[in-house]
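Student: Just passing along the structure, written as structure tokens.
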Amino acid sequence: MGGWSEHYSERGINGQIDDLLFLINHGMLFYPGFTILPHFVIYRVDRLDKVRFGTVSKQLRKRMRTLTTIAPIHTVSRTTATIRSRRWN
């Protein structure tokens with residue numbers, strides 16, 4: 001992601017990351033039969049320095065090694081996702 005993590009939070013300018021990924025997770029992947037794993041998001045990738053790149057690389061390697069043991073997410077109805085994205089408190 002190009003923005004800060006705050007931009008993709010519940011009250012963020014871009015909306016909650018789970019809501020943004022819902023159509024991909026549910027409509028394009030879950031509905032045809034794929035198992036959906038929790039997302040792995042790296043924020044501000046356009047500003048990665050060598051130190052942060054090293055940290056993110058280690059996190060991604062760990063994630064790839066544990067793919068078979070990660071519990072899948074349960075998709076929610078689009079109505080629930082829409083209601084959650086419109087909450088302001």
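By convention here, the chains of the structure tokens are called A, B, ... in the order presented, each chain's residues are numbered starting at 1, and ligands are numbered starting at 1 in the order presented.
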Give me the residues within 10 Å of segment 30-47 of chain A as a ChimeraX atom specification, counting only C-alpha atoms and dropping any in the same chain fewer than 5 places off.
Tutor: /A:1-8,17-18,21-25,52-53,56,59-60,63,67-68,70-75
Student: Determine which residues of chain A receive a DSSP assignment of helix (DSSP H, G or I), computed from the backbone, and state them as a VMD selection string.
Tutor: chain A and resid 5 to 8 17 to 30 45 to 47 50 to 65 67 to 69 78 to 86
Student: Distance atom CA of Lys58 of chain A-atom CA of Gln16 of chain A, one decimal place?
Tutor: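 Atom CA of Gln16 of chain A lies at a distance of 25.4 Å from atom CA of Lys58 of chain A.
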Student: What gap, in Å, lies between atom CA of Thr66 of chain A and atom CA of Asp49 of chain A?
Tutor: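 Those two atoms sit 25.7 Å apart.
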Student: I'd like the interatomic distance between atom CA of Arg61 of chain A and atom CA of Leu20 of chain A, to a tenth of an Å.
Tutor: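 So the two atoms, atom CA of Arg61 of chain A and atom CA of Leu20 of chain A, lie 24.8 Å apart.
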